[in-house]
>>> print(open('run.cif').read())   # mmCIF, C-alpha atoms
data_my_file
#
loop_
_atom_site.label_atom_id
_atom_site.label_comp_id
_atom_site.auth_asym_id
_atom_site.auth_seq_id
_atom_site.Cartn_x
_atom_site.Cartn_y
_atom_site.Cartn_z
CA MET A 1 95.03 100.62 112.33
CA THR A 2 97.91 98.20 112.88
CA GLU A 3 100.92 98.90 115.07
CA HIS A 4 103.12 98.81 111.96
CA THR A 5 100.95 101.46 110.28
CA ARG A 6 101.10 103.66 113.39
CA ARG A 7 104.86 103.38 113.35
CA LEU A 8 105.04 104.45 109.69
CA ILE A 9 102.86 107.47 110.49
CA GLU A 10 105.11 108.37 113.43
CA LEU A 11 108.15 108.19 111.14
CA GLY A 12 106.42 110.47 108.63
CA PHE A 13 106.34 107.81 105.91
CA MET A 14 102.52 107.81 105.81
CA ARG A 15 99.83 110.32 106.74
CA GLU A 16 96.13 110.26 107.49
CA LEU A 17 93.69 111.95 105.13
CA PRO A 18 90.39 113.56 106.18
CA PRO A 19 87.90 110.96 107.48
CA GLN A 20 85.29 109.63 105.04
CA VAL A 21 81.77 109.04 106.28
CA ASN A 22 79.96 106.24 104.44
CA GLY A 23 76.79 105.54 106.39
CA PRO A 24 76.53 104.65 110.06
CA GLY A 25 79.52 103.61 112.11
CA ARG A 26 82.97 105.05 112.61
CA PRO A 27 84.32 107.21 109.77
CA ARG A 28 86.94 105.60 107.54
CA VAL A 29 90.37 107.26 107.73
CA PRO A 30 92.26 106.86 104.43
CA LEU A 31 96.07 106.77 104.45
CA GLU A 32 98.63 107.80 101.85
CA VAL A 33 102.37 107.50 101.41
CA VAL A 34 104.44 110.67 101.87
CA PRO A 35 106.67 110.31 98.78
CA ASP A 36 109.54 112.61 99.79
CA ALA A 37 109.75 111.45 103.39
CA ALA A 38 112.55 109.06 102.48
CA TYR A 39 114.57 107.87 99.48
CA THR A 40 116.34 104.69 98.51
CA LEU A 41 119.24 104.39 96.07
CA GLY A 42 119.44 101.46 93.68
CA LEU A 43 122.44 100.43 91.60
CA ARG A 44 122.39 97.94 88.75
CA VAL A 45 125.86 96.47 88.13
CA HIS A 46 126.57 95.74 84.47
CA PRO A 47 129.87 94.35 83.11
CA ASP A 48 130.86 97.75 81.73
CA HIS A 49 128.72 100.34 83.52
CA LEU A 50 126.58 101.14 86.54
CA VAL A 51 123.07 102.53 86.45
CA GLY A 52 121.79 104.32 89.53
CA VAL A 53 118.25 105.35 90.46
CA LEU A 54 117.29 107.49 93.44
CA MET A 55 113.70 106.62 94.28
CA ARG A 56 110.95 108.08 96.48
CA LEU A 57 108.73 106.03 98.76
CA ASP A 58 105.99 105.86 96.12
CA GLY A 59 108.34 104.39 93.50
CA SER A 60 108.81 107.57 91.49
CA GLU A 61 112.33 108.60 90.48
CA VAL A 62 114.18 111.57 91.90
CA ARG A 63 116.99 111.10 89.39
CA ARG A 64 119.06 108.50 87.58
CA PHE A 65 122.67 108.34 86.45
CA THR A 66 125.09 106.11 84.53
CA LEU A 67 128.77 105.63 85.37
CA PRO A 68 131.56 103.52 83.84
CA PHE A 69 132.44 100.33 85.68
CA ASP A 70 135.33 97.86 85.46
CA PRO A 71 134.64 94.52 87.17
CA SER A 72 138.36 93.71 87.12
CA GLY A 73 139.00 96.69 89.41
CA ASP A 74 138.12 97.11 93.10
CA PRO A 75 134.31 96.64 93.20
CA VAL A 76 133.90 98.04 96.72
CA GLU A 77 135.79 101.21 95.87
CA GLN A 78 133.86 101.77 92.63
CA LEU A 79 130.45 101.08 94.19
CA SER A 80 131.18 103.28 97.18
CA GLN A 81 132.30 106.13 94.94
CA ALA A 82 129.07 105.81 92.94
CA CYS A 83 126.98 106.21 96.12
CA GLU A 84 128.96 108.92 97.89
CA PRO A 85 127.89 111.94 95.76
CA VAL A 86 124.23 111.11 96.35
CA LEU A 87 124.79 110.67 100.08
CA ALA A 88 126.82 113.89 100.26
CA ASP A 89 124.19 115.98 98.44
CA PRO A 90 122.36 118.08 101.07
CA ALA A 91 119.14 117.81 99.05
CA SER A 92 119.11 114.00 98.93
CA GLY A 93 121.67 112.57 101.33
CA PRO A 94 119.74 113.01 104.61
CA LYS A 95 116.70 111.29 103.08
CA VAL A 96 118.49 108.17 101.80
CA ARG A 97 117.55 105.33 104.15
CA GLY A 98 119.05 102.40 102.25
CA ILE A 99 121.00 101.27 99.19
CA GLY A 100 120.16 98.27 97.01
CA LEU A 101 122.44 96.49 94.54
CA ALA A 102 121.17 94.34 91.68
CA LEU A 103 123.80 92.01 90.23
CA PRO A 104 123.84 89.22 87.65
CA GLY A 105 124.71 85.89 89.22
CA VAL A 106 124.05 83.69 92.23
CA ILE A 107 123.50 85.82 95.33
CA ASP A 108 123.03 84.85 98.97
CA PRO A 109 120.91 87.82 100.17
CA ALA A 110 120.92 86.71 103.82
CA ALA A 111 124.72 86.76 103.98
CA GLY A 112 124.97 89.70 101.60
CA SER A 113 127.43 87.76 99.49
CA LEU A 114 127.83 87.20 95.77
CA ARG A 115 128.58 83.50 95.35
CA LEU A 116 129.20 83.44 91.60
CA SER A 117 128.85 85.83 88.67
CA PRO A 118 130.32 84.59 85.37
CA ARG A 119 129.38 87.88 83.67
CA LEU A 120 131.35 89.92 86.20
CA GLY A 121 134.08 87.34 86.82
CA TRP A 122 133.47 87.40 90.59
CA THR A 123 133.24 84.56 93.10
CA GLY A 124 132.81 84.53 96.88
CA LEU A 125 132.57 88.30 97.30
CA PRO A 126 130.98 89.48 100.62
CA LEU A 127 129.75 92.76 99.15
CA ARG A 128 127.25 93.78 101.81
CA PRO A 129 129.65 93.59 104.78
CA LEU A 130 132.39 95.35 102.81
CA LEU A 131 130.12 98.13 101.59
CA GLY A 132 128.42 98.38 104.97
CA ALA A 133 131.75 99.32 106.47
CA ARG A 134 132.10 102.16 103.95
CA LEU A 135 128.59 103.57 103.72
CA PRO A 136 126.42 105.17 106.45
CA VAL A 137 123.12 103.47 105.53
CA PRO A 138 122.01 99.82 105.24
CA VAL A 139 123.04 97.98 102.04
CA LEU A 140 121.01 95.15 100.47
CA ILE A 141 122.07 92.99 97.54
CA ASP A 142 120.23 90.49 95.37
CA ASN A 143 120.13 88.89 91.96
CA ASP A 144 118.96 91.42 89.35
CA THR A 145 115.90 89.36 88.39
CA ARG A 146 114.72 89.08 92.01
CA ALA A 147 115.35 92.78 92.55
CA SER A 148 113.10 93.62 89.60
CA THR A 149 110.58 91.09 90.89
CA THR A 150 110.44 93.11 94.12
CA ALA A 151 109.65 96.22 92.06
CA GLU A 152 106.85 94.30 90.36
CA LEU A 153 105.49 93.24 93.75
CA LEU A 154 105.46 96.80 95.10
CA PHE A 155 104.50 98.82 92.05
CA GLY A 156 103.46 96.52 89.18
CA THR A 157 101.92 93.05 88.94
CA GLY A 158 101.59 92.86 92.73
CA ARG A 159 98.84 95.46 92.66
CA ASP A 160 96.50 92.86 91.15
CA HIS A 161 98.06 89.53 92.11
CA ASP A 162 99.44 87.99 95.30
CA ASP A 163 101.10 85.14 93.39
CA PHE A 164 102.89 85.61 90.05
CA LEU A 165 106.01 84.93 88.01
CA VAL A 166 108.49 87.32 86.40
CA LEU A 167 110.22 85.91 83.32
CA ALA A 168 113.51 87.68 82.61
CA ILE A 169 114.96 87.22 79.12
CA GLY A 170 118.48 88.55 78.64
CA ASP A 171 121.93 87.01 78.30
CA GLY A 172 120.22 84.05 79.93
CA VAL A 173 116.76 83.20 81.23
CA GLY A 174 115.74 83.87 84.83
CA MET A 175 112.55 83.73 86.83
CA GLY A 176 111.28 85.69 89.80
CA ILE A 177 108.69 83.91 91.93
CA VAL A 178 106.18 85.66 94.20
CA LEU A 179 104.01 83.51 96.46
CA GLY A 180 101.74 84.98 99.10
CA ARG A 181 103.19 88.45 98.38
CA ARG A 182 106.72 87.28 99.21
CA VAL A 183 109.61 86.99 96.76
CA HIS A 184 110.83 83.41 96.95
CA ARG A 185 114.62 83.20 97.31
CA GLY A 186 115.20 79.72 98.69
CA PRO A 187 117.37 78.88 101.72
CA ASP A 188 120.65 79.73 99.96
CA GLY A 189 119.49 82.36 97.47
CA VAL A 190 119.53 80.21 94.34
CA ALA A 191 115.77 80.12 93.66
CA GLY A 192 114.83 81.37 90.20
CA GLU A 193 117.64 79.74 88.18
CA PHE A 194 115.07 78.97 85.51
CA GLY A 195 117.69 79.01 82.78
CA HIS A 196 119.09 75.76 84.14
CA VAL A 197 115.87 73.79 83.95
CA PRO A 198 116.88 70.69 81.94
CA ILE A 199 115.09 70.48 78.60
CA GLY A 200 116.95 67.67 76.85
CA PRO A 201 119.94 65.53 77.92
CA ASP A 202 121.35 65.61 74.39
CA GLY A 203 120.74 69.31 73.89
CA PRO A 204 123.29 72.04 73.30
CA ALA A 205 126.10 72.70 75.79
CA CYS A 206 125.32 75.23 78.52
CA VAL A 207 127.84 77.60 80.12
CA CYS A 208 127.18 75.80 83.44
CA GLY A 209 128.88 72.68 82.02
CA ARG A 210 125.73 70.64 81.53
CA ARG A 211 123.78 70.00 78.35
CA GLY A 212 120.24 70.86 77.37
CA CYS A 213 119.55 73.64 79.89
CA LEU A 214 116.91 76.20 78.92
CA ASP A 215 119.65 78.84 78.65
CA ALA A 216 121.36 76.71 76.01
CA TYR A 217 118.26 77.18 73.82
CA LEU A 218 117.16 80.73 74.68
CA ALA A 219 120.18 82.81 75.73
CA THR A 220 121.42 85.31 73.14
CA TYR A 221 124.59 83.30 72.49
CA ALA A 222 122.51 80.13 72.03
CA LEU A 223 120.22 81.75 69.45
CA ALA A 224 123.26 83.13 67.59
CA ASN A 225 124.98 79.73 67.59
CA GLU A 226 121.88 77.96 66.29
CA ALA A 227 121.33 80.55 63.55
CA GLN A 228 124.91 80.01 62.41
CA ALA A 229 124.60 76.21 62.64
CA ARG A 230 121.53 76.34 60.39
CA GLY A 231 123.40 78.47 57.87
CA LEU A 232 121.12 81.45 58.40
CA THR A 233 123.88 83.87 59.47
CA GLY A 234 127.60 84.18 59.85
CA ALA A 235 129.53 84.21 63.10
CA GLY A 236 129.39 86.99 65.67
CA LEU A 237 125.64 87.61 65.60
CA THR A 238 124.57 90.13 68.27
CA LEU A 239 121.15 90.78 69.78
CA PRO A 240 120.58 93.93 67.65
CA ASP A 241 121.62 91.91 64.56
CA LEU A 242 119.11 89.21 65.45
CA VAL A 243 116.33 91.76 65.93
CA ARG A 244 117.08 93.41 62.58
CA LEU A 245 117.07 90.06 60.77
CA ALA A 246 113.76 89.10 62.38
CA GLU A 247 112.21 92.47 61.59
CA ARG A 248 113.03 92.18 57.91
CA ASP A 249 111.94 88.50 57.90
CA ALA A 250 115.31 87.10 56.85
CA PRO A 251 114.91 83.43 55.81
CA GLY A 252 114.56 81.04 58.72
CA ILE A 253 115.08 83.55 61.55
CA ARG A 254 111.44 83.92 62.59
CA ASP A 255 110.98 80.14 62.43
CA LEU A 256 113.97 79.66 64.72
CA LEU A 257 112.67 82.20 67.23
CA ALA A 258 109.15 80.76 67.18
CA GLU A 259 110.58 77.28 67.83
CA ARG A 260 112.61 78.54 70.77
CA GLY A 261 109.59 80.48 72.02
CA ALA A 262 107.64 77.22 72.10
CA ILE A 263 110.39 75.57 74.17
CA LEU A 264 110.25 78.49 76.60
CA GLY A 265 106.46 78.34 76.72
CA ARG A 266 106.37 74.65 77.64
CA ALA A 267 108.90 75.22 80.43
CA VAL A 268 106.90 78.17 81.80
CA ALA A 269 103.66 76.16 81.65
CA GLY A 270 105.25 73.51 83.87
CA VAL A 271 106.14 76.08 86.53
CA VAL A 272 102.70 77.70 86.30
CA ASN A 273 100.99 74.36 86.87
CA VAL A 274 103.20 73.46 89.84
CA LEU A 275 102.73 76.83 91.59
CA ALA A 276 99.14 77.59 90.46
CA VAL A 277 99.91 81.23 89.65
CA ARG A 278 97.65 83.24 87.35
CA ALA A 279 99.99 86.00 86.09
CA LEU A 280 103.31 86.23 84.25
CA THR A 281 105.28 89.41 83.56
CA VAL A 282 108.05 89.42 80.94
CA ILE A 283 111.08 91.68 81.43
CA GLY A 284 114.71 91.86 80.33
CA GLU A 285 117.11 93.24 77.75
CA SER A 286 116.10 90.61 75.18
CA HIS A 287 112.37 91.37 75.47
CA VAL A 288 112.88 93.09 72.07
CA LEU A 289 112.73 89.56 70.65
CA TRP A 290 109.33 88.97 72.25
CA PRO A 291 107.28 89.71 69.08
CA PHE A 292 109.14 86.82 67.43
CA LEU A 293 109.23 84.45 70.42
CA GLU A 294 105.56 84.97 71.26
CA PRO A 295 104.09 83.17 68.18
CA GLY A 296 105.62 79.98 69.55
CA PHE A 297 105.42 80.84 73.23
CA ARG A 298 101.76 81.71 73.62
CA PRO A 299 100.26 78.56 72.01
CA ALA A 300 102.69 76.42 74.02
CA VAL A 301 101.70 78.11 77.30
CA GLU A 302 97.98 78.16 76.57
CA GLY A 303 98.07 74.52 75.53
CA GLY A 304 100.04 73.53 78.63
CA VAL A 305 98.56 75.44 81.58
CA LEU A 306 95.58 74.18 83.55
CA SER A 307 94.15 77.67 84.18
CA ALA A 308 94.16 80.93 82.24
CA LEU A 309 97.38 82.94 82.54
CA ASP A 310 97.53 86.75 82.41
CA ILE A 311 100.70 87.65 80.42
CA ASN A 312 102.15 91.16 80.47
CA VAL A 313 105.30 92.49 78.79
CA ARG A 314 107.11 95.40 80.41
CA ARG A 315 108.80 98.04 78.31
CA TRP A 316 112.51 97.75 79.13
CA ASP A 317 115.24 100.31 79.63
CA ASP A 318 118.69 100.12 81.16
CA SER A 319 117.55 101.50 84.51
CA ALA A 320 114.94 98.79 85.19
CA HIS A 321 117.12 96.60 87.40
CA ALA A 322 118.35 99.72 89.24
CA ARG A 323 114.73 100.58 90.07
CA GLY A 324 114.42 97.00 91.25
CA ALA A 325 117.45 97.45 93.51
CA ALA A 326 115.94 100.63 94.99
CA SER A 327 112.67 98.71 95.54
CA LEU A 328 114.60 95.95 97.30
CA ALA A 329 116.00 98.48 99.76
CA LEU A 330 112.60 100.13 100.18
CA ALA A 331 110.77 96.87 100.90
CA THR A 332 113.35 95.75 103.43
CA ILE A 333 113.67 99.06 105.25
CA VAL A 334 109.96 99.84 105.49
CA ALA A 335 109.19 96.30 106.65
CA SER A 336 111.75 96.62 109.44
CA ARG A 337 110.30 99.86 110.85
#
>>> encode(input="run.cif", output="structure tokens")
Amino acid sequence: MTEHTRRLIELGFMRELPPQVNGPGRPRVPLEVVPDAAYTLGLRVHPDHLVGVLMRLDGSEVRRFTLPFDPSGDPVEQLSQACEPVLADPASGPKVRGIGLALPGVIDPAAGSLRLSPRLGWTGLPLRPLLGARLPVPVLIDNDTRASTTAELLFGTGRDHDDFLVLAIGDGVGMGIVLGRRVHRGPDGVAGEFGHVPIGPDGPACVCGRRGCLDAYLATYALANEAQARGLTGAGLTLPDLVRLAERDAPGIRDLLAERGAILGRAVAGVVNVLAVRALTVIGESHVLWPFLEPGFRPAVEGGVLSALDINVRRWDDSAHARGAASLALATIVASR
């Protein structure tokens, strides 16, 4: 038994089960997590609402909630007010050991600062120090894709793989990277900006100001713009509109999505070959397009990778990044004990 394991047992986070005798030698003493010994609270920040998840040590949910959110208002006040009822509840408050925030944008987790979030309209916001001054438990923040990648490491793909990728398809394209059972963040927190991998110098304009980024081919706005440019739809196409058109096989829509799936597949194959990972998990709001991206994606990946790749698609709901935020807090707090 390691010193870290002994410490978790002393804290009541783990417990020993009856010894198991399997032949000669010392009996084996199994361990298990004590789910209700501690909780973490995760918040996913969306441009018009917050989703919160209160989570046990084993990853199961105690409860979830949704609240309105206005990014043009005071973010610290709104986020603090979202946490305070949970912390004040005598049934849950004393057990909450940490709070995680999952946000869209470029995050510096070490400094606890949001560097840039075009979706929220925020720049240079030191959220963790500001919230830490308001809340009685540690606060962790990270990019929403990396937060969900932490959940995959603890409770999903990480159960079978030490090295894997998480492909997030939403308003843009992101990637979580796990190597040696550690989520890779980079020295300044910008690792995983997969959407800005350059695909073609003469490609469509990207919101970052460059041309030909992967986002400019795969983001929802990019697919809508291309469908309109090809004369397949009118202006103002939304993600649900695109799904409905693909489902009823409207002319040209499935071909467009398969083409863009192939572009995505070739980009993923490049990362897989560089990092030598064997598993990929697909998440994100736009995973509903996966049945129409996959016919192009899978042949492109399989034709481009040097080794077989295990591909899984996670069912998505609006609380997924909040569960990732709670996992972020859990991983950090347990590791520090």
>>> resolve_selection(input="run.cif", expression="the PyMOL selection byres ((chain A and resi 218) around 9)", output="list in words")
Ile169, Gly170, Asp171, Gly172, Val173, Gly195, Leu214, Asp215, Ala216, Tyr217, Ala219, Thr220, Tyr221, Ala222, Leu223, Leu257, Arg260, Gly261, Ile263 and Leu264 of chain A
>>> write_last_selection(input="run.cif", atoms="C-alpha atoms", output="JSON list (two decimals), in the coordinates of the input")
[["chain", "number", "residue", "atom", "x", "y", "z"],
["A", 169, "ILE", "CA", 114.96, 87.22, 79.12],
["A", 170, "GLY", "CA", 118.48, 88.55, 78.64],
["A", 171, "ASP", "CA", 121.93, 87.01, 78.30],
["A", 172, "GLY", "CA", 120.22, 84.05, 79.93],
["A", 173, "VAL", "CA", 116.76, 83.20, 81.23],
["A", 195, "GLY", "CA", 117.69, 79.01, 82.78],
["A", 214, "LEU", "CA", 116.91, 76.20, 78.92],
["A", 215, "ASP", "CA", 119.65, 78.84, 78.65],
["A", 216, "ALA", "CA", 121.36, 76.71, 76.01],
["A", 217, "TYR", "CA", 118.26, 77.18, 73.82],
["A", 219, "ALA", "CA", 120.18, 82.81, 75.73],
["A", 220, "THR", "CA", 121.42, 85.31, 73.14],
["A", 221, "TYR", "CA", 124.59, 83.30, 72.49],
["A", 222, "ALA", "CA", 122.51, 80.13, 72.03],
["A", 223, "LEU", "CA", 120.22, 81.75, 69.45],
["A", 257, "LEU", "CA", 112.67, 82.20, 67.23],
["A", 260, "ARG", "CA", 112.61, 78.54, 70.77],
["A", 261, "GLY", "CA", 109.59, 80.48, 72.02],
["A", 263, "ILE", "CA", 110.39, 75.57, 74.17],
["A", 264, "LEU", "CA", 110.25, 78.49, 76.60]]
>>> resolve_selection(input="run.cif", expression="the PyMOL selection byres ((chain A and resi 16) around 10)", output="short mmCIF file (atom, residue, chain, number, x, y, z; two decimals) with C-alpha atoms, in the coordinates of the input")
data_model
loop_
_atom_site.label_atom_id
_atom_site.label_comp_id
_atom_site.auth_asym_id
_atom_site.auth_seq_id
_atom_site.Cartn_x
_atom_site.Cartn_y
_atom_site.Cartn_z
CA ILE A 9 102.86 107.47 110.49
CA MET A 14 102.52 107.81 105.81
CA ARG A 15 99.83 110.32 106.74
CA LEU A 17 93.69 111.95 105.13
CA PRO A 18 90.39 113.56 106.18
CA PRO A 19 87.90 110.96 107.48
CA VAL A 29 90.37 107.26 107.73
CA PRO A 30 92.26 106.86 104.43
CA LEU A 31 96.07 106.77 104.45
CA GLU A 32 98.63 107.80 101.85
CA VAL A 33 102.37 107.50 101.41
#
>>> residues_near_point(input="run.cif", point="(107.4, 77.1, 73.4)", cutoff="9 Å", atoms="all atoms listed in the file", output="ChimeraX atom specification")
/A:258-268,293-301
>>> closest_residue(input="run.cif", among="A:Ala224, A:Leu57, A:Val272, A:Val62", to="Asp241 (chain A)", atoms="all atoms listed in the file")
A:Ala224
>>> atom_distance(input="run.cif", atom1="CA of His321 (chain A)", atom2="CA of Met55 (chain A)")
12.6 Å
>>> closest_residue(input="run.cif", among="A:Val190, A:Glu10, A:Val183, A:Pro138", to="Leu116 (chain A)", atoms="all atoms listed in the file")
A:Val190
>>> closest_residue(input="run.cif", among="A:Thr238, A:Asp255, A:Ala102, A:Gly180", to="Ala147 (chain A)", atoms="only C-alpha atoms")
A:Ala102
>>> resolve_selection(input="run.cif", expression="the PyMOL selection byres ((chain A and resi 175) around 8)", output="list in words")
Thr145, Arg146, Leu165, Val166, Leu167, Ala168, Val173, Gly174, Gly176, Ile177, Gly192, Glu193 and Phe194 of chain A
>>> residues_near_point(input="run.cif", point="(130.7, 109.1, 90.2)", cutoff="12 Å", atoms="only C-alpha atoms", output="MDAnalysis selection string")
chainID A and resid 49:52 64:69 77:88
>>> atom_distance(input="run.cif", atom1="CA of Cys208 (chain A)", atom2="CA of Leu43 (chain A)")
26.4 Å
>>> closest_residue(input="run.cif", among="A:Val34, A:Arg28, A:Pro109, A:Arg211", to="Gly12 (chain A)", atoms="all atoms listed in the file")
A:Val34
>>> atom_distance(input="run.cif", atom1="CA of Ala133 (chain A)", atom2="CA of Val96 (chain A)")
16.6 Å
>>> residues_around(input="run.cif", residues="Tyr39 (chain A)", least_positions_apart="4", cutoff="9 Å", atoms="all atoms listed in the file", output="list in words")
Pro35, Leu54, Met55, Arg56, Leu57, Val62, Ser92, Gly93, Pro94, Lys95, Val96, Arg97, Gly98, Ala326 and Leu330 of chain A
>>> axis_aligned_box(input="run.cif", around="region 280-285 of chain A", padding_each_side="4 Å", output="AutoDock Vina command-line options")
--center_x 110.2 --center_y 89.7 --center_z 81.0 --size_x 21.8 --size_y 15.0 --size_z 14.5
>>> closest_residue(input="run.cif", among="A:Ser113, A:Thr123, A:Thr5, A:Thr281", to="Val178 (chain A)", atoms="only C-alpha atoms")
A:Thr281
>>> closest_residue(input="run.cif", among="A:Phe164, A:Ala37, A:Val271, A:Arg185", to="Val106 (chain A)", atoms="all atoms listed in the file")
A:Arg185
>>> residues_around(input="run.cif", residues="Gly132 (chain A)", least_positions_apart="6", cutoff="10 Å", atoms="all atoms listed in the file", output="list in words")
Val76, Ser80, Ile99, Gly112, Pro138, Val139 and Leu140 of chain A
>>> residues_around(input="run.cif", residues="Ser307 (chain A)", least_positions_apart="6", cutoff="9 Å", atoms="all atoms listed in the file", output="ChimeraX atom specification")
/A:272-273,276-278
>>> write_last_selection(input="run.cif", atoms="C-alpha atoms", output="compact mmCIF listing (two decimals), in the frame of the given file")
# COMPACT_ATOMS: atom_id res chain seq x y z
CA VAL A 272 102.70 77.70 86.30
CA ASN A 273 100.99 74.36 86.87
CA ALA A 276 99.14 77.59 90.46
CA VAL A 277 99.91 81.23 89.65
CA ARG A 278 97.65 83.24 87.35
